[in-house]
file my_file-v3.cif (mmCIF, C-alpha atoms and all ligand atoms)
data_my_file
loop_
_atom_site.label_atom_id
_atom_site.label_comp_id
_atom_site.auth_asym_id
_atom_site.auth_seq_id
_atom_site.Cartn_x
_atom_site.Cartn_y
_atom_site.Cartn_z
CA MET F 13 9.22 31.69 -13.23
CA ARG F 14 9.24 34.33 -10.46
CA THR F 15 8.55 32.90 -7.00
CA SER F 16 6.58 34.15 -4.00
CA ARG F 17 8.28 34.74 -0.69
CA HIS F 18 6.92 32.65 2.21
CA PHE F 19 5.11 30.26 -0.12
CA PHE F 20 6.14 26.60 0.36
CA SER F 21 4.86 23.30 -1.00
CA LEU F 22 5.43 19.65 -0.22
CA GLU F 23 5.40 16.98 -2.87
CA GLY F 24 5.77 13.23 -3.10
CA ILE F 25 4.08 10.04 -4.20
CA ASP F 26 1.46 8.50 -1.91
CA GLY F 27 2.67 7.40 1.49
CA SER F 28 5.47 9.95 1.71
CA GLY F 29 3.90 11.40 4.87
CA LYS F 30 3.23 14.87 3.44
CA SER F 31 0.23 15.72 5.60
CA THR F 32 1.83 14.66 8.91
CA HIS F 33 5.02 16.53 8.02
CA ILE F 34 3.01 19.65 7.12
CA GLU F 35 1.31 19.57 10.53
CA LYS F 36 4.65 19.40 12.33
CA LEU F 37 6.21 22.06 10.12
CA ALA F 38 3.27 24.45 10.59
CA ALA F 39 3.30 23.89 14.36
CA ALA F 40 7.04 24.66 14.48
CA LEU F 41 6.54 27.91 12.55
CA GLU F 42 3.48 28.94 14.58
CA ALA F 43 5.47 28.36 17.78
CA GLU F 44 7.85 31.05 16.51
CA GLY F 45 4.96 33.50 16.00
CA TYR F 46 4.37 33.09 12.26
CA SER F 47 0.85 32.99 10.92
CA VAL F 48 0.52 29.91 8.71
CA VAL F 49 -2.11 28.97 6.12
CA ARG F 50 -2.22 25.29 5.14
CA LEU F 51 -4.07 23.85 2.20
CA ARG F 52 -4.18 20.81 -0.04
CA GLU F 53 -4.24 20.65 -3.79
CA PRO F 54 -6.38 20.01 -5.66
CA GLY F 55 -8.65 21.72 -3.12
CA GLY F 56 -8.28 24.37 -0.46
CA ALA F 57 -11.28 26.42 -1.64
CA LYS F 58 -14.90 25.40 -2.17
CA ILE F 59 -14.78 25.44 -5.99
CA SER F 60 -11.38 23.70 -6.02
CA GLU F 61 -12.70 20.96 -3.70
CA ARG F 62 -15.61 20.40 -6.12
CA ILE F 63 -13.14 20.08 -9.02
CA ARG F 64 -11.14 17.62 -6.84
CA GLU F 65 -14.21 15.38 -6.60
CA ILE F 66 -14.38 15.18 -10.40
CA LEU F 67 -10.64 14.58 -10.73
CA LEU F 68 -10.48 11.73 -8.22
CA ASP F 69 -13.81 10.07 -9.12
CA ALA F 70 -12.87 6.42 -9.79
CA SER F 71 -15.77 6.00 -12.24
CA PHE F 72 -13.96 8.36 -14.68
CA LYS F 73 -10.97 5.99 -14.93
CA GLY F 74 -10.24 5.42 -18.61
CA VAL F 75 -12.78 8.15 -19.52
CA MET F 76 -11.13 11.45 -18.55
CA ALA F 77 -8.86 12.74 -21.30
CA ASP F 78 -5.31 13.69 -20.29
CA LYS F 79 -5.85 17.31 -21.38
CA THR F 80 -9.07 17.54 -19.37
CA GLU F 81 -7.16 16.29 -16.34
CA LEU F 82 -4.40 18.84 -16.91
CA LEU F 83 -6.87 21.71 -17.30
CA LEU F 84 -8.95 20.73 -14.28
CA TYR F 85 -5.89 20.63 -12.00
CA ASN F 86 -5.02 24.09 -13.29
CA ALA F 87 -8.59 25.35 -12.88
CA ALA F 88 -8.64 24.18 -9.26
CA ARG F 89 -5.28 25.91 -8.75
CA ALA F 90 -6.35 29.21 -10.33
CA GLN F 91 -9.25 29.39 -7.88
CA VAL F 92 -7.28 28.59 -4.72
CA ILE F 93 -4.59 31.11 -5.73
CA ALA F 94 -7.16 33.90 -6.23
CA GLU F 95 -9.27 33.10 -3.20
CA ILE F 96 -6.78 31.85 -0.59
CA ILE F 97 -3.07 31.86 -1.46
CA GLN F 98 -2.45 35.34 -2.89
CA PRO F 99 -4.55 37.12 -0.21
CA ALA F 100 -2.70 35.20 2.53
CA LEU F 101 0.72 36.08 1.08
CA ASP F 102 -0.35 39.71 0.67
CA ALA F 103 -1.30 39.72 4.36
CA GLY F 104 2.24 38.57 5.26
CA LYS F 105 1.31 35.00 6.13
CA ILE F 106 3.23 31.82 5.35
CA VAL F 107 1.43 29.45 2.98
CA ILE F 108 2.16 25.71 2.99
CA ALA F 109 0.55 23.68 0.24
CA ASP F 110 0.18 19.91 0.26
CA ARG F 111 1.03 19.57 -3.47
CA PHE F 112 1.12 22.40 -6.03
CA ALA F 113 2.37 22.88 -9.60
CA TRP F 114 5.27 20.39 -9.34
CA SER F 115 2.59 17.68 -9.02
CA THR F 116 1.32 18.68 -12.45
CA PHE F 117 4.87 18.62 -13.80
CA ALA F 118 5.43 15.08 -12.40
CA TYR F 119 1.98 13.49 -12.89
CA GLN F 120 0.69 15.11 -16.09
CA GLY F 121 4.00 16.19 -17.65
CA TYR F 122 6.11 13.13 -16.88
CA ALA F 123 3.80 10.24 -15.98
CA ARG F 124 1.00 10.99 -18.47
CA GLY F 125 3.60 12.05 -21.01
CA LEU F 126 2.19 15.48 -21.86
CA GLY F 127 5.70 16.90 -21.59
CA ALA F 128 7.39 19.39 -19.29
CA GLU F 129 7.30 22.35 -21.69
CA TYR F 130 3.62 21.96 -22.42
CA VAL F 131 2.74 21.81 -18.72
CA GLN F 132 5.02 24.71 -17.92
CA LYS F 133 3.25 27.02 -20.38
CA LEU F 134 -0.04 26.37 -18.68
CA THR F 135 1.54 26.73 -15.23
CA GLU F 136 2.70 30.22 -16.20
CA ILE F 137 -0.85 31.15 -17.24
CA THR F 138 -2.37 29.69 -14.06
CA CYS F 139 0.14 30.84 -11.49
CA GLY F 140 1.69 34.03 -12.86
CA ASP F 141 4.10 35.09 -10.12
CA CYS F 142 2.34 33.06 -7.44
CA PHE F 143 4.74 30.13 -7.24
CA PRO F 144 6.42 28.51 -4.20
CA GLU F 145 9.86 29.82 -3.37
CA LEU F 146 10.72 26.34 -2.09
CA THR F 147 9.19 22.93 -2.76
CA VAL F 148 10.35 19.93 -0.77
CA VAL F 149 9.94 16.53 -2.39
CA LEU F 150 9.58 13.78 0.19
CA ASP F 151 11.26 11.02 -1.76
CA LEU F 152 10.64 7.30 -1.42
CA THR F 153 10.66 4.36 -3.82
CA VAL F 154 7.45 3.04 -5.37
CA GLU F 155 7.88 -0.20 -3.37
CA GLN F 156 8.10 1.76 -0.11
CA SER F 157 5.07 3.81 -1.16
CA ARG F 158 3.04 0.65 -1.87
CA ALA F 159 4.03 -0.89 1.46
CA ARG F 160 2.98 2.25 3.35
CA THR F 161 -0.35 2.79 1.55
CA ALA F 162 -1.34 -0.92 1.72
CA LYS F 163 -2.12 -0.32 5.42
CA ARG F 164 -4.77 2.29 4.52
CA GLY F 165 -8.42 1.34 4.19
CA GLY F 166 -10.96 2.54 1.60
CA ALA F 167 -11.35 2.20 -2.15
CA PRO F 168 -8.53 3.67 -4.28
CA ASP F 169 -9.38 6.91 -6.14
CA ARG F 170 -8.85 7.36 -9.91
CA LEU F 171 -5.18 8.28 -9.58
CA GLU F 172 -4.40 5.68 -6.91
CA GLN F 173 -5.54 3.00 -9.37
CA GLU F 174 -2.58 3.68 -11.65
CA LYS F 175 0.10 0.99 -11.94
CA ALA F 176 3.61 0.97 -10.44
CA ASP F 177 5.28 2.19 -13.68
CA PHE F 178 3.11 5.34 -13.62
CA PHE F 179 4.30 6.17 -10.08
CA GLU F 180 7.89 5.38 -11.07
CA ARG F 181 7.59 8.06 -13.79
CA VAL F 182 6.04 10.47 -11.24
CA ARG F 183 9.01 9.88 -8.94
CA GLN F 184 11.47 10.43 -11.78
CA GLY F 185 9.66 13.67 -12.63
CA TYR F 186 10.12 14.93 -9.08
CA LEU F 187 13.80 13.95 -9.04
CA ALA F 188 14.33 15.69 -12.37
CA ALA F 189 12.72 18.85 -10.94
CA ALA F 190 15.08 18.75 -7.93
CA ARG F 191 18.05 18.23 -10.25
CA ASP F 192 17.10 20.92 -12.80
CA TYR F 193 15.68 23.57 -10.45
CA PRO F 194 17.87 23.32 -7.31
CA ASP F 195 17.03 26.91 -6.26
CA CYS F 196 13.39 26.09 -5.66
CA VAL F 197 13.08 22.28 -5.41
CA ALA F 198 14.83 20.08 -2.84
CA ALA F 199 14.38 16.32 -2.48
CA ILE F 200 14.86 14.58 0.86
CA ASP F 201 14.93 10.85 1.52
CA VAL F 202 12.06 9.82 3.81
CA ASP F 203 13.20 6.25 4.35
CA ARG F 204 14.50 7.37 7.75
CA PRO F 205 12.99 7.95 11.21
CA PHE F 206 10.12 10.46 11.05
CA GLU F 207 11.72 12.91 13.51
CA GLU F 208 14.93 13.04 11.49
CA VAL F 209 13.05 13.83 8.25
CA SER F 210 10.89 16.40 10.04
CA ALA F 211 13.95 18.19 11.46
CA ASP F 212 15.52 18.38 7.98
CA LEU F 213 12.31 19.76 6.48
CA ILE F 214 11.89 22.41 9.18
CA LYS F 215 15.54 23.45 8.77
CA LEU F 216 15.15 23.80 4.99
CA VAL F 217 12.05 25.97 5.31
CA LYS F 218 13.49 28.12 8.11
CA SER F 219 16.56 28.80 5.97
CA ARG F 220 14.23 30.78 3.66
CA LEU F 221 12.55 32.91 6.34
P1 LIG B 1 -3.98 13.64 -2.69
O1 LIG B 1 -4.22 15.05 -2.31
O2 LIG B 1 -4.77 12.70 -1.88
O3 LIG B 1 -2.56 13.29 -2.82
O4 LIG B 1 -4.66 13.43 -4.14
C1 LIG B 1 -4.38 14.21 -5.19
C2 LIG B 1 -4.08 13.31 -6.37
O5 LIG B 1 -4.01 14.11 -7.53
C3 LIG B 1 -2.74 12.58 -6.25
O6 LIG B 1 -2.87 11.30 -6.80
C4 LIG B 1 -1.82 13.41 -7.12
C5 LIG B 1 -2.73 13.96 -8.17
N1 LIG B 1 -2.35 15.27 -8.71
C6 LIG B 1 -2.02 15.37 -10.05
O7 LIG B 1 -2.04 14.38 -10.77
N2 LIG B 1 -1.70 16.61 -10.55
C7 LIG B 1 -1.72 17.74 -9.78
O8 LIG B 1 -1.43 18.83 -10.28
C8 LIG B 1 -2.07 17.61 -8.38
C9 LIG B 1 -2.08 18.82 -7.51
C10 LIG B 1 -2.36 16.36 -7.89
#
call {"tool": "encode", "arguments": {"input": "my_file-v3.cif", "output": "structure tokens"}}
result
Amino acid sequence: MRTSRHFFSLEGIDGSGKSTHIEKLAAALEAEGYSVVRLREPGGAKISERIREILLDASFKGVMADKTELLLYNAARAQVIAEIIQPALDAGKIVIADRFAWSTFAYQGYARGLGAEYVQKLTEITCGDCFPELTVVLDLTVEQSRARTAKRGGAPDRLEQEKADFFERVRQGYLAAARDYPDCVAAIDVDRPFEEVSADLIKLVKSRL
């Protein structure tokens, strides 16, 4: 897979602190004069946000077929690439995505069991050459994730209702990606003070600029 310069994504199971880390990372890059576009996946464009609502709807638990799930994540991604990501990269901006295709690899490929090769074929169709040059996995154990997310309010969405063994497989998927694709996936341990993790993340991203 060819990668796109200045395109970065953050990955991790729930509670890894992705969104807070993205804010700090973007602020650090903007302070150096870079123009930064942030987005979340699934989402980031109006159509993609509508697809997100379907994907996370808790009433579809046990109803949505695994292949439907896989295709909807890819449909949401195709739209945000065409509408937001590729135009921003073409304009010389930095793009930081809160999740991208490695989520599909870990959640649908590994945890749902659809398989890495199968997911990869579809990723090539969806993304073409629009793929992050670096993805940072914010790694934590499933127990740490549960402890962190237990403090949150609100009803769990369809994915959040999955059991611990599902998230263990997601985590193993991410670690396999970091092991097998070291040029474009790096895992960092987030069971450390926030500032320390943030400094490591910013350093990793800046090393690619
Ligand atoms: P989040 O943005 O709140 O993390 O919610 C997105 C959920 O969707 C999260 O549980 C991870 C899951 N997901 C997949 O299963 N596959 C994907 O390709 C993406 C982008 C997310």
call {"tool": "residues_around", "arguments": {"input": "my_file-v3.cif", "residues": "range 47-52 of chain F", "least_positions_apart": "2", "cutoff": "6 Å", "atoms": "all atoms listed in the file", "output": "PyMOL selection string"}}
result
chain F and resi 55-56+105-110
call {"tool": "closest_atom_pairs", "arguments": {"input": "my_file-v3.cif", "of": "chain F", "to": "ligand LIG 1 (chain B)", "cutoff": "7 Å", "atoms": "only C-alpha atoms and all ligand atoms", "output": "CSV"}}
result
residue,atom,partner,partner_atom,distance
F:Asp26,CA,B:LIG1,O3,6.3
F:Arg52,CA,B:LIG1,O1,6.2
F:Glu53,CA,B:LIG1,C9,4.7
F:Pro54,CA,B:LIG1,C9,4.8
F:Leu68,CA,B:LIG1,C2,6.8
F:Tyr85,CA,B:LIG1,O8,5.1
F:Arg111,CA,B:LIG1,C9,5.2
F:Phe112,CA,B:LIG1,C9,5.0
F:Ala113,CA,B:LIG1,O8,5.6
F:Trp114,CA,B:LIG1,O8,6.9
F:Ser115,CA,B:LIG1,O8,4.4
F:Thr116,CA,B:LIG1,O8,3.5
F:Tyr119,CA,B:LIG1,O7,4.6
F:Gln120,CA,B:LIG1,O7,6.0
F:Leu171,CA,B:LIG1,O6,4.7
F:Glu172,CA,B:LIG1,O6,5.8
call {"tool": "atom_distance", "arguments": {"input": "my_file-v3.cif", "atom1": "CA of Ile25 in chain F", "atom2": "CA of Phe117 in chain F"}}
result
12.9 Å
call {"tool": "atom_distance", "arguments": {"input": "my_file-v3.cif", "atom1": "CA of Ala43 in chain F", "atom2": "CA of Ile93 in chain F"}}
result
25.7 Å
call {"tool": "closest_residue", "arguments": {"input": "my_file-v3.cif", "among": "F:Met13, F:Leu146, F:Leu41, F:Ala100", "to": "Pro194 in chain F", "atoms": "only C-alpha atoms"}}
result
F:Leu146
call {"tool": "closest_residue", "arguments": {"input": "my_file-v3.cif", "among": "F:Gln91, F:Thr147, F:Ser71, F:Asn86", "to": "Ser21 in chain F", "atoms": "all atoms listed in the file"}}
result
F:Thr147
call {"tool": "atom_distance", "arguments": {"input": "my_file-v3.cif", "atom1": "CA of Cys139 in chain F", "atom2": "CA of Met76 in chain F"}}
result
23.5 Å
call {"tool": "closest_atom_pairs", "arguments": {"input": "my_file-v3.cif", "of": "range 22-105 of chain F", "to": "range 205-217 of chain F", "cutoff": "10 Å", "atoms": "only C-alpha atoms", "output": "tab-separated table"}}
result
residue	atom	partner	partner_atom	distance
F:Leu22	CA	F:Leu213	CA	9.6
F:Gly29	CA	F:Phe206	CA	8.8
F:Thr32	CA	F:Ser210	CA	9.3
F:His33	CA	F:Ser210	CA	6.2
F:Ile34	CA	F:Ser210	CA	9.0
F:Lys36	CA	F:Ser210	CA	7.3
F:Leu37	CA	F:Ile214	CA	5.8
F:Ala38	CA	F:Ile214	CA	9.0
F:Ala40	CA	F:Ile214	CA	7.5
F:Leu41	CA	F:Ile214	CA	8.4
call {"tool": "closest_residue", "arguments": {"input": "my_file-v3.cif", "among": "F:Arg89, F:Arg124, F:Arg181, F:Arg17", "to": "Ala77 in chain F", "atoms": "only C-alpha atoms"}}
result
F:Arg124
call {"tool": "closest_residue", "arguments": {"input": "my_file-v3.cif", "among": "F:Asp169, F:Leu82, F:Gln156, F:Leu221", "to": "Glu65 in chain F", "atoms": "only C-alpha atoms"}}
result
F:Asp169
call {"tool": "residues_around", "arguments": {"input": "my_file-v3.cif", "residues": "Ser16 in chain F", "least_positions_apart": "2", "cutoff": "10 Å", "atoms": "all atoms listed in the file", "output": "PyMOL selection string"}}
result
chain F and resi 13-14+18-20+98+101+107+141-146
call {"tool": "closest_residue", "arguments": {"input": "my_file-v3.cif", "among": "F:Ala188, F:Asp201, F:Arg170, F:Asp102", "to": "Arg64 in chain F", "atoms": "only C-alpha atoms"}}
result
F:Arg170
call {"tool": "closest_residue", "arguments": {"input": "my_file-v3.cif", "among": "F:Asp192, F:Ile66, F:Ala39, F:Gly27", "to": "Thr161 in chain F", "atoms": "all atoms listed in the file"}}
result
F:Gly27
call {"tool": "residues_around", "arguments": {"input": "my_file-v3.cif", "residues": "Val149 in chain F", "least_positions_apart": "5", "cutoff": "6 Å", "atoms": "only C-alpha atoms", "output": "list of chain:residue names"}}
result
F:Leu22, F:Glu23, F:Gly24, F:Ala199
call {"tool": "residues_near_point", "arguments": {"input": "my_file-v3.cif", "point": "(-2.9, 17.2, -21.6)", "cutoff": "10 Å", "atoms": "all atoms listed in the file", "output": "list in words"}}
result
Ala77, Asp78, Lys79, Thr80, Glu81, Leu82, Leu83, Gln120, Gly121, Arg124, Gly125, Leu126, Gly127, Tyr130 and Val131 of chain F
call {"tool": "residues_around", "arguments": {"input": "my_file-v3.cif", "residues": "Ser28 in chain F", "least_positions_apart": "3", "cutoff": "8 Å", "atoms": "all atoms listed in the file", "output": "PyMOL selection string"}}
result
chain F and resi 24-25+150-152+157+202
call {"tool": "write_last_selection", "arguments": {"input": "my_file-v3.cif", "atoms": "C-alpha atoms", "output": "PDB file, in the coordinates of the input"}}
result
ATOM      1  CA  GLY F  24       5.770  13.230  -3.100  1.00  0.00           C
ATOM      2  CA  ILE F  25       4.080  10.040  -4.200  1.00  0.00           C
ATOM      3  CA  LEU F 150       9.580  13.780   0.190  1.00  0.00           C
ATOM      4  CA  ASP F 151      11.260  11.020  -1.760  1.00  0.00           C
ATOM      5  CA  LEU F 152      10.640   7.300  -1.420  1.00  0.00           C
ATOM      6  CA  SER F 157       5.070   3.810  -1.160  1.00  0.00           C
ATOM      7  CA  VAL F 202      12.060   9.820   3.810  1.00  0.00           C
TER       8      VAL F 202
END
